[in-house]
file model_35.cif (mmCIF, C-alpha atoms)
data_entry
loop_
_atom_site.label_atom_id
_atom_site.label_comp_id
_atom_site.auth_asym_id
_atom_site.auth_seq_id
_atom_site.Cartn_x
_atom_site.Cartn_y
_atom_site.Cartn_z
CA MET A 1 -34.11 25.61 77.79
CA SER A 2 -32.43 27.56 75.04
CA GLY A 3 -33.99 30.95 75.61
CA GLY A 4 -35.66 30.83 72.22
CA LEU A 5 -39.40 31.05 71.79
CA ASP A 6 -40.02 27.31 71.43
CA SER A 7 -38.45 26.45 74.75
CA ALA A 8 -40.17 29.42 76.41
CA VAL A 9 -43.58 28.24 75.17
CA THR A 10 -42.74 24.69 76.27
CA LEU A 11 -41.84 25.88 79.78
CA TYR A 12 -45.09 27.80 80.11
CA TYR A 13 -47.01 24.83 78.70
CA ALA A 14 -45.55 22.50 81.35
CA LYS A 15 -46.08 25.06 84.10
CA ASN A 16 -49.68 25.55 82.98
CA ALA A 17 -50.18 21.76 83.09
CA GLY A 18 -49.25 21.90 86.76
CA TYR A 19 -45.65 20.69 86.68
CA LYS A 20 -42.91 22.01 88.93
CA CYS A 21 -40.15 22.66 86.40
CA LEU A 22 -36.38 22.29 86.54
CA CYS A 23 -34.89 23.65 83.32
CA LEU A 24 -31.54 22.66 81.86
CA GLY A 25 -29.61 25.17 79.77
CA PHE A 26 -26.59 24.12 77.74
CA ASP A 27 -23.40 26.05 77.11
CA TYR A 28 -21.81 23.98 74.34
CA GLY A 29 -19.73 26.79 72.90
CA GLN A 30 -22.52 28.11 70.66
CA ARG A 31 -21.88 31.51 69.09
CA HIS A 32 -25.23 32.75 70.41
CA LEU A 33 -24.38 32.18 74.09
CA ARG A 34 -26.46 35.25 74.69
CA GLU A 35 -29.54 32.99 74.51
CA LEU A 36 -28.61 31.57 77.91
CA GLU A 37 -29.05 34.94 79.59
CA CYS A 38 -32.57 34.95 78.15
CA ALA A 39 -33.10 31.38 79.35
CA LYS A 40 -32.15 32.35 82.91
CA GLU A 41 -34.37 35.40 82.84
CA LEU A 42 -37.31 33.39 81.46
CA CYS A 43 -36.90 30.83 84.24
CA ARG A 44 -36.72 33.55 86.86
CA ARG A 45 -39.93 35.05 85.49
CA ALA A 46 -41.63 31.61 85.41
CA LYS A 47 -40.34 30.77 88.90
CA ALA A 48 -38.64 27.64 87.52
CA GLU A 49 -35.26 26.37 88.62
CA PHE A 50 -32.48 26.76 86.03
CA GLN A 51 -29.39 24.59 85.87
CA LEU A 52 -26.55 25.24 83.46
CA ILE A 53 -24.63 22.35 81.90
CA LYS A 54 -21.38 23.36 80.26
CA PHE A 55 -19.17 21.34 77.95
CA ALA A 56 -17.06 21.79 74.85
CA MET A 57 -17.55 19.98 71.55
CA PRO A 58 -13.97 20.22 70.32
CA TRP A 59 -14.82 18.64 66.95
CA LYS A 60 -16.85 21.74 65.94
CA GLY A 61 -18.03 21.24 62.31
CA SER A 62 -21.06 23.49 62.62
CA ALA A 63 -21.55 27.17 61.89
CA LEU A 64 -22.99 27.47 65.40
CA LEU A 65 -19.73 26.29 66.95
CA ASP A 66 -17.12 27.61 64.56
CA LYS A 67 -17.00 31.31 63.79
CA LYS A 68 -14.93 30.58 60.69
CA ILE A 69 -18.04 29.02 59.12
CA GLY A 70 -20.66 31.59 58.09
CA VAL A 71 -24.27 30.95 59.12
CA THR A 72 -26.15 30.29 55.88
CA SER A 73 -29.88 30.53 55.43
CA HIS A 74 -32.02 28.03 53.57
CA LEU A 75 -35.58 28.80 54.61
CA PRO A 76 -37.81 26.81 52.26
CA ALA A 77 -40.59 28.65 50.48
CA GLY A 78 -44.16 28.41 51.71
CA ARG A 79 -45.86 26.74 54.62
CA GLN A 80 -44.82 23.22 53.75
CA ALA A 81 -44.18 20.22 55.93
CA ARG A 82 -40.54 19.23 55.92
CA SER A 83 -40.74 15.47 56.11
CA GLN A 84 -37.83 15.07 53.71
CA VAL A 85 -34.57 16.17 55.23
CA THR A 86 -31.01 15.09 54.24
CA SER A 87 -29.49 17.43 51.65
CA LYS A 88 -31.50 20.35 52.97
CA ILE A 89 -29.92 20.26 56.42
CA PRO A 90 -28.14 23.62 56.85
CA ASN A 91 -24.64 24.24 58.17
CA THR A 92 -26.00 25.24 61.58
CA TYR A 93 -26.61 21.53 62.20
CA VAL A 94 -24.73 20.40 65.33
CA SER A 95 -24.48 16.64 65.15
CA ALA A 96 -26.45 14.83 67.87
CA ARG A 97 -27.19 18.03 69.76
CA ASN A 98 -30.69 17.12 70.91
CA ILE A 99 -29.49 13.58 71.65
CA ILE A 100 -26.86 15.00 74.00
CA PHE A 101 -29.34 17.45 75.57
CA LEU A 102 -31.94 14.72 76.08
CA SER A 103 -29.38 12.36 77.57
CA PHE A 104 -28.47 14.93 80.20
CA ALA A 105 -32.16 15.66 80.81
CA LEU A 106 -32.80 11.94 81.17
CA SER A 107 -29.99 11.51 83.68
CA CYS A 108 -31.28 14.49 85.66
CA ALA A 109 -34.93 13.43 85.44
CA GLU A 110 -34.32 9.87 86.54
CA THR A 111 -32.11 11.02 89.40
CA VAL A 112 -34.44 13.69 90.78
CA LYS A 113 -37.42 11.38 90.09
CA ALA A 114 -39.06 13.71 87.60
CA GLU A 115 -42.02 12.31 85.75
CA LYS A 116 -41.41 13.93 82.38
CA ILE A 117 -38.95 15.69 80.16
CA PHE A 118 -40.43 18.46 78.01
CA ILE A 119 -38.61 19.56 74.86
CA GLY A 120 -39.72 22.22 72.40
CA ALA A 121 -38.69 20.45 69.20
CA HIS A 122 -40.94 20.78 66.19
CA SER A 123 -40.84 19.53 62.67
CA GLN A 124 -43.05 21.75 60.54
CA ASP A 125 -41.41 25.03 59.58
CA TYR A 126 -37.98 24.33 61.08
CA SER A 127 -34.38 23.96 59.97
CA GLY A 128 -34.61 20.29 59.02
CA TYR A 129 -32.50 18.92 61.87
CA PRO A 130 -33.04 15.14 62.06
CA ASP A 131 -33.28 15.18 65.87
CA CYS A 132 -36.36 17.39 65.74
CA ARG A 133 -38.55 14.80 63.97
CA PRO A 134 -41.16 12.40 65.37
CA GLU A 135 -39.13 9.37 64.20
CA PHE A 136 -36.28 10.43 66.42
CA TYR A 137 -38.48 10.90 69.50
CA ARG A 138 -40.05 7.48 68.96
CA SER A 139 -36.55 5.93 68.91
CA PHE A 140 -35.41 7.91 71.92
CA ALA A 141 -38.36 6.60 73.96
CA LYS A 142 -37.01 3.10 73.35
CA VAL A 143 -33.58 4.15 74.59
CA VAL A 144 -35.22 5.48 77.77
CA LYS A 145 -37.04 2.17 78.19
CA SER A 146 -34.01 -0.05 77.62
CA GLY A 147 -31.17 2.08 78.94
CA THR A 148 -32.28 3.35 82.35
CA LYS A 149 -33.15 1.77 85.69
CA ALA A 150 -36.59 3.43 85.70
CA GLY A 151 -37.12 2.14 82.15
CA VAL A 152 -36.36 -1.50 82.94
CA GLU A 153 -38.57 -1.15 86.03
CA ASN A 154 -41.46 -0.15 83.73
CA LYS A 155 -41.54 3.44 84.98
CA PRO A 156 -39.63 5.15 82.15
CA VAL A 157 -39.28 8.93 82.17
CA ALA A 158 -41.64 10.22 79.47
CA VAL A 159 -40.36 12.63 76.84
CA GLU A 160 -43.10 15.05 75.89
CA THR A 161 -42.90 17.16 72.73
CA PRO A 162 -45.94 19.45 72.87
CA LEU A 163 -44.86 21.46 69.80
CA LEU A 164 -43.81 18.58 67.56
CA TYR A 165 -46.48 18.94 64.88
CA LYS A 166 -47.11 22.66 65.19
CA PHE A 167 -46.18 25.47 62.82
CA LYS A 168 -44.26 28.42 64.22
CA SER A 169 -47.32 30.66 64.03
CA ASP A 170 -49.33 28.12 66.07
CA ILE A 171 -46.55 28.01 68.66
CA ILE A 172 -46.63 31.79 68.90
CA LYS A 173 -50.41 31.82 69.32
CA MET A 174 -50.09 29.14 71.98
CA GLY A 175 -47.47 31.29 73.74
CA ILE A 176 -49.77 34.31 73.66
CA ARG A 177 -52.52 32.26 75.33
CA LEU A 178 -50.02 31.06 77.95
CA ARG A 179 -48.76 34.65 78.53
CA VAL A 180 -45.18 33.86 77.54
CA PRO A 181 -43.02 36.99 77.84
CA PHE A 182 -41.79 36.81 74.24
CA GLU A 183 -39.86 40.04 74.73
CA LEU A 184 -37.39 38.02 76.82
CA THR A 185 -36.73 35.34 74.17
CA TRP A 186 -33.74 35.20 71.86
CA SER A 187 -33.79 33.28 68.57
CA CYS A 188 -30.93 34.65 66.45
CA TYR A 189 -28.10 32.21 65.73
CA LYS A 190 -25.54 34.96 65.30
CA GLY A 191 -25.62 36.27 68.85
CA GLY A 192 -25.00 39.95 68.08
CA LYS A 193 -26.51 42.77 70.09
CA ARG A 194 -29.68 42.72 67.99
CA PRO A 195 -31.20 39.82 65.98
CA CYS A 196 -29.62 39.64 62.49
CA ASN A 197 -32.99 39.14 60.79
CA GLU A 198 -31.26 36.96 58.20
CA CYS A 199 -30.43 33.57 59.71
CA ASP A 200 -32.94 30.71 59.54
CA SER A 201 -33.86 31.13 63.14
CA CYS A 202 -34.65 34.83 62.71
CA ALA A 203 -36.48 34.12 59.44
CA TYR A 204 -38.71 31.43 60.96
CA ARG A 205 -39.48 33.69 63.88
CA LYS A 206 -40.37 36.61 61.63
CA LYS A 207 -42.55 34.39 59.39
CA GLY A 208 -44.25 32.91 62.48
CA PHE A 209 -45.18 36.27 63.98
CA LYS A 210 -46.33 37.50 60.57
CA GLU A 211 -48.57 34.46 60.02
CA ALA A 212 -49.90 34.73 63.56
CA GLY A 213 -50.78 38.36 62.90
CA ILE A 214 -48.90 39.50 65.98
CA ALA A 215 -46.04 42.00 66.36
CA ASP A 216 -42.82 40.51 67.75
CA PRO A 217 -42.30 42.24 71.12
CA ALA A 218 -38.56 41.49 71.04
CA ILE A 219 -37.97 43.72 68.00
CA MET B 1 -12.13 5.39 77.06
CA SER B 2 -12.35 5.00 80.80
CA GLY B 3 -8.91 3.61 81.50
CA GLY B 4 -10.41 0.36 82.74
CA LEU B 5 -9.63 -2.96 81.19
CA ASP B 6 -12.73 -3.20 79.01
CA SER B 7 -12.05 0.04 77.22
CA ALA B 8 -8.35 -0.83 76.91
CA VAL B 9 -9.19 -4.17 75.25
CA THR B 10 -11.72 -2.41 73.01
CA LEU B 11 -9.11 0.13 71.89
CA TYR B 12 -6.62 -2.61 71.03
CA TYR B 13 -9.38 -4.58 69.29
CA ALA B 14 -10.22 -1.61 67.05
CA LYS B 15 -6.55 -0.85 66.42
CA ASN B 16 -5.93 -4.48 65.53
CA ALA B 17 -8.86 -4.35 63.09
CA GLY B 18 -7.02 -1.55 61.28
CA TYR B 19 -8.88 1.50 62.55
CA LYS B 20 -7.27 4.84 63.27
CA CYS B 21 -8.67 5.62 66.71
CA LEU B 22 -9.76 8.82 68.39
CA CYS B 23 -10.66 8.09 72.01
CA LEU B 24 -12.99 10.14 74.15
CA GLY B 25 -12.47 10.26 77.90
CA PHE B 26 -15.10 11.75 80.22
CA ASP B 27 -14.56 13.75 83.35
CA TYR B 28 -18.07 13.78 84.82
CA GLY B 29 -17.00 14.33 88.40
CA GLN B 30 -16.46 10.63 89.12
CA ARG B 31 -14.64 9.85 92.36
CA HIS B 32 -12.17 7.67 90.44
CA LEU B 33 -10.90 10.47 88.21
CA ARG B 34 -7.58 8.72 88.43
CA GLU B 35 -8.84 6.37 85.68
CA LEU B 36 -8.44 9.21 83.17
CA GLU B 37 -4.68 9.36 83.73
CA CYS B 38 -4.64 5.67 82.84
CA ALA B 39 -6.82 6.36 79.80
CA LYS B 40 -4.37 8.99 78.54
CA GLU B 41 -1.38 6.75 79.10
CA LEU B 42 -3.11 3.82 77.36
CA CYS B 43 -3.84 6.04 74.35
CA ARG B 44 -0.26 7.27 74.26
CA ARG B 45 0.97 3.70 74.30
CA ALA B 46 -1.50 2.69 71.56
CA LYS B 47 -0.66 5.80 69.51
CA ALA B 48 -4.33 6.84 69.55
CA GLU B 49 -5.58 10.38 69.89
CA PHE B 50 -7.24 11.18 73.24
CA GLN B 51 -9.82 13.89 73.74
CA LEU B 52 -11.17 14.82 77.15
CA ILE B 53 -14.81 15.89 77.56
CA LYS B 54 -15.57 17.52 80.87
CA PHE B 55 -18.95 18.29 82.40
CA ALA B 56 -20.70 18.24 85.75
CA MET B 57 -23.80 16.24 86.62
CA PRO B 58 -25.06 18.47 89.44
CA TRP B 59 -27.93 16.08 90.26
CA LYS B 60 -25.44 13.49 91.57
CA GLY B 61 -27.49 10.57 93.03
CA SER B 62 -24.81 7.94 92.51
CA ALA B 63 -22.04 6.66 94.76
CA LEU B 64 -19.63 7.39 91.91
CA LEU B 65 -20.52 11.09 91.96
CA ASP B 66 -21.29 11.74 95.60
CA LYS B 67 -18.67 10.94 98.21
CA LYS B 68 -21.37 11.00 100.88
CA ILE B 69 -22.77 7.78 99.42
CA GLY B 70 -20.60 4.73 100.13
CA VAL B 71 -19.77 2.41 97.21
CA THR B 72 -21.59 -0.85 97.94
CA SER B 73 -20.77 -4.19 96.40
CA HIS B 74 -23.32 -6.66 95.08
CA LEU B 75 -21.32 -9.09 92.97
CA PRO B 76 -23.65 -11.99 92.20
CA ALA B 77 -22.41 -15.49 92.98
CA GLY B 78 -21.11 -17.73 90.21
CA ARG B 79 -20.61 -17.31 86.50
CA GLN B 80 -24.19 -16.53 85.65
CA ALA B 81 -25.70 -14.45 82.89
CA ARG B 82 -27.36 -11.30 84.24
CA SER B 83 -30.32 -10.89 81.93
CA GLN B 84 -32.54 -9.73 84.77
CA VAL B 85 -31.58 -6.34 86.11
CA THR B 86 -33.81 -3.85 88.01
CA SER B 87 -33.57 -4.35 91.77
CA LYS B 88 -30.02 -5.62 91.51
CA ILE B 89 -28.66 -2.38 90.06
CA PRO B 90 -26.10 -1.10 92.58
CA ASN B 91 -25.69 2.43 93.90
CA THR B 92 -22.77 3.08 91.55
CA TYR B 93 -25.36 3.40 88.77
CA VAL B 94 -25.08 6.81 87.11
CA SER B 95 -28.33 7.42 85.25
CA ALA B 96 -27.93 7.55 81.47
CA ARG B 97 -24.14 7.59 81.66
CA ASN B 98 -23.49 5.47 78.58
CA ILE B 99 -26.28 7.31 76.75
CA ILE B 100 -24.47 10.59 77.40
CA PHE B 101 -21.08 9.12 76.46
CA LEU B 102 -22.46 7.62 73.25
CA SER B 103 -24.22 10.85 72.31
CA PHE B 104 -20.93 12.73 72.52
CA ALA B 105 -19.17 9.95 70.61
CA LEU B 106 -21.88 10.10 67.97
CA SER B 107 -21.56 13.85 67.58
CA CYS B 108 -17.80 13.52 67.28
CA ALA B 109 -17.95 10.54 64.93
CA GLU B 110 -20.43 12.11 62.54
CA THR B 111 -18.49 15.38 62.51
CA VAL B 112 -15.03 13.90 61.89
CA LYS B 113 -16.61 11.37 59.49
CA ALA B 114 -15.63 8.33 61.53
CA GLU B 115 -17.09 5.04 60.36
CA LYS B 116 -17.65 3.46 63.76
CA ILE B 117 -17.93 4.01 67.48
CA PHE B 118 -16.45 1.25 69.63
CA ILE B 119 -17.59 0.85 73.23
CA GLY B 120 -16.46 -1.78 75.70
CA ALA B 121 -19.84 -2.47 77.32
CA HIS B 122 -20.61 -6.04 78.27
CA SER B 123 -23.53 -7.76 79.88
CA GLN B 124 -22.34 -11.03 81.37
CA ASP B 125 -20.50 -10.63 84.65
CA TYR B 126 -21.06 -6.89 85.08
CA SER B 127 -22.75 -4.51 87.48
CA GLY B 128 -26.22 -4.76 85.96
CA TYR B 129 -26.32 -1.28 84.45
CA PRO B 130 -29.21 -1.14 81.93
CA ASP B 131 -27.14 0.78 79.37
CA CYS B 132 -24.68 -2.10 79.09
CA ARG B 133 -27.24 -4.54 77.64
CA PRO B 134 -27.86 -5.62 74.03
CA GLU B 135 -31.45 -4.22 74.14
CA PHE B 136 -30.05 -0.77 74.81
CA TYR B 137 -27.54 -0.93 71.95
CA ARG B 138 -30.29 -2.06 69.55
CA SER B 139 -32.39 0.97 70.55
CA PHE B 140 -29.45 3.34 70.32
CA ALA B 141 -28.77 2.20 66.74
CA LYS B 142 -32.28 3.44 65.87
CA VAL B 143 -31.54 6.79 67.46
CA VAL B 144 -28.42 7.05 65.30
CA LYS B 145 -30.49 6.22 62.22
CA SER B 146 -33.31 8.66 62.95
CA GLY B 147 -31.51 11.45 64.76
CA THR B 148 -28.43 12.28 62.70
CA LYS B 149 -27.79 13.63 59.20
CA ALA B 150 -25.63 10.61 58.33
CA GLY B 151 -28.43 8.36 59.61
CA VAL B 152 -31.18 9.87 57.48
CA GLU B 153 -28.78 9.75 54.51
CA ASN B 154 -28.48 5.98 55.07
CA LYS B 155 -24.87 6.15 56.20
CA PRO B 156 -25.39 5.92 59.98
CA VAL B 157 -22.36 5.74 62.24
CA ALA B 158 -22.17 2.12 63.46
CA VAL B 159 -21.88 1.40 67.17
CA GLU B 160 -19.73 -1.68 67.69
CA THR B 161 -19.72 -3.55 71.01
CA PRO B 162 -17.07 -6.26 70.62
CA LEU B 163 -17.27 -7.34 74.27
CA LEU B 164 -21.05 -7.35 74.66
CA TYR B 165 -21.56 -11.08 75.18
CA LYS B 166 -18.19 -11.91 76.74
CA PHE B 167 -17.34 -12.83 80.32
CA LYS B 168 -14.62 -10.84 82.06
CA SER B 169 -12.17 -13.75 81.81
CA ASP B 170 -12.76 -13.94 78.03
CA ILE B 171 -12.12 -10.20 77.77
CA ILE B 172 -8.85 -10.62 79.66
CA LYS B 173 -7.75 -13.49 77.43
CA MET B 174 -8.64 -11.39 74.38
CA GLY B 175 -6.54 -8.55 75.83
CA ILE B 176 -3.58 -10.87 76.36
CA ARG B 177 -3.76 -11.94 72.69
CA LEU B 178 -3.95 -8.27 71.65
CA ARG B 179 -0.98 -7.35 73.92
CA VAL B 180 -2.98 -4.88 76.00
CA PRO B 181 -0.74 -3.32 78.69
CA PHE B 182 -3.05 -4.29 81.56
CA GLU B 183 -0.58 -2.86 84.07
CA LEU B 184 -1.70 0.59 82.88
CA THR B 185 -5.44 0.01 83.44
CA TRP B 186 -7.46 1.19 86.42
CA SER B 187 -10.75 -0.44 87.46
CA CYS B 188 -11.40 0.54 91.08
CA TYR B 189 -14.43 2.78 91.67
CA LYS B 190 -12.98 4.29 94.81
CA GLY B 191 -10.02 6.03 93.21
CA GLY B 192 -7.57 5.63 96.06
CA LYS B 193 -3.84 5.17 95.55
CA ARG B 194 -4.27 1.40 95.22
CA PRO B 195 -7.35 -0.60 94.12
CA CYS B 196 -9.67 -1.23 97.09
CA ASN B 197 -10.21 -4.89 96.14
CA GLU B 198 -13.75 -4.63 97.48
CA CYS B 199 -15.94 -2.66 95.08
CA ASP B 200 -17.80 -4.45 92.27
CA SER B 201 -15.35 -3.25 89.70
CA CYS B 202 -12.36 -4.62 91.66
CA ALA B 203 -14.23 -7.84 92.38
CA TYR B 204 -15.15 -8.48 88.74
CA ARG B 205 -11.57 -7.78 87.72
CA LYS B 206 -10.15 -10.15 90.32
CA LYS B 207 -12.65 -12.87 89.40
CA GLY B 208 -11.86 -12.38 85.68
CA PHE B 209 -8.10 -12.73 86.11
CA LYS B 210 -8.60 -15.73 88.36
CA GLU B 211 -10.91 -17.47 85.88
CA ALA B 212 -8.53 -16.65 83.04
CA GLY B 213 -5.68 -18.17 85.04
CA ILE B 214 -3.56 -15.07 84.64
CA ALA B 215 -1.96 -12.84 87.29
CA ASP B 216 -3.18 -9.24 87.27
CA PRO B 217 -0.12 -7.17 86.34
CA ALA B 218 -1.64 -4.04 87.93
CA ILE B 219 -1.54 -5.54 91.42
#

call {"tool": "encode", "arguments": {"input": "model_35.cif", "output": "structure tokens"}}
result
Amino acid sequence: MSGGLDSAVTLYYAKNAGYKCLCLGFDYGQRHLRELECAKELCRRAKAEFQLIKFAMPWKGSALLDKKIGVTSHLPAGRQARSQVTSKIPNTYVSARNIIFLSFALSCAETVKAEKIFIGAHSQDYSGYPDCRPEFYRSFAKVVKSGTKAGVENKPVAVETPLLYKFKSDIIKMGIRLRVPFELTWSCYKGGKRPCNECDSCAYRKKGFKEAGIADPAI
Amino acid sequence: MSGGLDSAVTLYYAKNAGYKCLCLGFDYGQRHLRELECAKELCRRAKAEFQLIKFAMPWKGSALLDKKIGVTSHLPAGRQARSQVTSKIPNTYVSARNIIFLSFALSCAETVKAEKIFIGAHSQDYSGYPDCRPEFYRSFAKVVKSGTKAGVENKPVAVETPLLYKFKSDIIKMGIRLRVPFELTWSCYKGGKRPCNECDSCAYRKKGFKEAGIADPAI
């Protein structure tokens, strides 16, 4: 639960499907720590439990972790699928971030006997992070199967990615239907008082609301 | 780098193979935190860098995390391969522990441009944890390939498991050849002043030294 609009829509999707939700938020030293305040508030509003996991990634190497590295933007033109990644991965990439998040979620889910993990990753108009793509989620399912007690007992925790093939505008429309309080979400990578309107995350959000024909209530 | 004998042998194995090593130690609230002092000392002795990663796993659910749960022993009789797990997994199982550790190691390795991750998991006379088995490491390699920038660029970080098919006695003999200072290692799950000599970890260690025909210098 990042506090951004994808995780907010995912929470409301799971809630709407009848699940009792326990949300994990991660403080990994990101410059936009502000998002976690939004995550907590979103959970409070959705009556979902929120648990904060805090750790440092002392190796930094990402613009999200190291303020000496400027956040660059690389939004590709047009509404195109981004199946090719590699050289286009921007400097906000935090190596293995979703792998770490999912591993914690898996440990929690197996321990509290949760049926599913929901994650709001998507791979259409996104920043090109490898751990947001279907290939990655297919591999991770095999790790769940082979690397946990529930997995070897043929009751693996399922990882559900309801947004995986959706465009940002579709996610926004879905959120509107689910009555997601978008005014509480935070997307900007820079973590200032107001969204910067320049970083990839802001740009995708802006494009999404524009394409959905809806005004962004957070602006 | 847990400070136990498997990770000590793995460190010396990597060092002996010519690698410059950066070791990650994890404080995840384990009752045998004492092992981390051993890990640090082992790294100092081996002239390897040591980095501590600290986080809480508030869902507990394991005897290693929750002092209210007693550490039970379930050492199987004889020198048998443990290809069947499931019901035999003891209550020291921490869900997804190696998955979490490897995810951090992967993030670190990709960021500092390390070639390999070494982990001292083994699946012969061990506690039956699913994330110590070859199947799990094969799946994790696919996660590395699909979920990281280096992976999609066809330069995935390799995960090497030099002890995977070895018995504890073989690991000890390997450590003797590599001049591992076994007197600095700590295996006991209970984390008292002296090893308890009862938990699985103590029992496997004792059995290993006995089968190797070597006296345990830590006792």

call {"tool": "interface_residues", "arguments": {"input": "model_35.cif", "of": "chain B", "to": "chain A", "cutoff": "9 Å", "atoms": "all atoms listed in the file", "output": "VMD selection string"}}
result
chain B and resid 51 53 to 62 85 to 87 89 93 to 104 106 to 112 129 to 133 135 to 153

call {"tool": "resolve_selection", "arguments": {"input": "model_35.cif", "expression": "the PyMOL selection byres ((chain A and resi 174) around 12)", "output": "PyMOL selection string"}}
result
chain A and resi 5-6+8-13+16+162-163+166-173+175-180+182+208-209+212

call {"tool": "atom_distance", "arguments": {"input": "model_35.cif", "atom1": "CA of Phe26 (chain A)", "atom2": "CA of Ala158 (chain B)"}}
result
26.6 Å

call {"tool": "closest_residue", "arguments": {"input": "model_35.cif", "among": "A:Met1, A:Tyr204, A:Arg31, A:Glu49", "to": "Gly70 (chain A)", "atoms": "only C-alpha atoms"}}
result
A:Arg31

call {"tool": "resolve_selection", "arguments": {"input": "model_35.cif", "expression": "the PyMOL selection byres ((chain A and resi 217-219) around 9)", "output": "ChimeraX atom specification"}}
result
/A:181-186,194-195,214-216

call {"tool": "closest_residue", "arguments": {"input": "model_35.cif", "among": "A:Ala63, A:Phe118, A:Gly29, A:Ser127", "to": "Thr92 (chain A)", "atoms": "only C-alpha atoms"}}
result
A:Ala63

call {"tool": "atom_distance", "arguments": {"input": "model_35.cif", "atom1": "CA of Arg45 (chain A)", "atom2": "CA of Asn197 (chain A)"}}
result
26.0 Å

call {"tool": "residues_around", "arguments": {"input": "model_35.cif", "residues": "Cys202 (chain A)", "least_positions_apart": "5", "cutoff": "9 Å", "atoms": "all atoms listed in the file", "output": "number ranges by chain"}}
result
A: 187-189, 195-197, 207

call {"tool": "residues_near_point", "arguments": {"input": "model_35.cif", "point": "(-16.0, 10.0, 81.9)", "cutoff": "6 Å", "atoms": "only C-alpha atoms", "output": "JSON, numbers by chain"}}
result
{"B": [25, 26, 27, 28]}

call {"tool": "atom_distance", "arguments": {"input": "model_35.cif", "atom1": "CA of Lys190 (chain A)", "atom2": "CA of Ser123 (chain A)"}}
result
21.9 Å

call {"tool": "residues_around", "arguments": {"input": "model_35.cif", "residues": "Arg34 (chain B)", "least_positions_apart": "2", "cutoff": "8 Å", "atoms": "all atoms listed in the file", "output": "PDB file with C-alpha atoms, keeping the file's coordinate frame"}}
result
ATOM      1  CA  HIS B  32     -12.170   7.670  90.440  1.00  0.00           C
ATOM      2  CA  LEU B  36      -8.440   9.210  83.170  1.00  0.00           C
ATOM      3  CA  GLU B  37      -4.680   9.360  83.730  1.00  0.00           C
ATOM      4  CA  CYS B  38      -4.640   5.670  82.840  1.00  0.00           C
ATOM      5  CA  TRP B 186      -7.460   1.190  86.420  1.00  0.00           C
ATOM      6  CA  GLY B 191     -10.020   6.030  93.210  1.00  0.00           C
TER       7      GLY B 191
END

call {"tool": "axis_aligned_box", "arguments": {"input": "model_35.cif", "around": "region 100-107 of chain A", "padding_each_side": "8 Å", "output": "AutoDock Vina command-line options"}}
result
--center_x -29.8 --center_y 14.5 --center_z 78.8 --size_x 21.9 --size_y 21.9 --size_z 25.7

call {"tool": "decode", "arguments": {"input": "model_35.cif", "residues": "region 185-201 of chain A", "atoms": "C-alpha atoms", "output": "mmCIF file, in the first residue's frame"}}
result
data_model
loop_
_atom_site.group_PDB
_atom_site.id
_atom_site.type_symbol
_atom_site.label_atom_id
_atom_site.label_comp_id
_atom_site.auth_asym_id
_atom_site.auth_seq_id
_atom_site.Cartn_x
_atom_site.Cartn_y
_atom_site.Cartn_z
ATOM 1 C CA THR A 185 -3.851 9.568 -2.894
ATOM 2 C CA TRP A 186 -0.299 10.725 -3.491
ATOM 3 C CA SER A 187 1.631 9.853 -6.647
ATOM 4 C CA CYS A 188 4.512 12.345 -6.901
ATOM 5 C CA TYR A 189 8.003 10.875 -6.547
ATOM 6 C CA LYS A 190 9.482 14.114 -5.268
ATOM 7 C CA GLY A 191 7.521 14.315 -2.037
ATOM 8 C CA GLY A 192 7.186 18.104 -1.844
ATOM 9 C CA LYS A 193 4.165 19.853 -0.395
ATOM 10 C CA ARG A 194 2.357 19.720 -3.739
ATOM 11 C CA PRO A 195 2.823 17.257 -6.642
ATOM 12 C CA CYS A 196 5.666 18.418 -8.932
ATOM 13 C CA ASN A 197 3.666 17.711 -12.098
ATOM 14 C CA GLU A 198 6.909 16.782 -13.838
ATOM 15 C CA CYS A 199 8.082 13.361 -12.652
ATOM 16 C CA ASP A 200 6.933 10.194 -14.440
ATOM 17 C CA SER A 201 4.515 9.373 -11.703
#
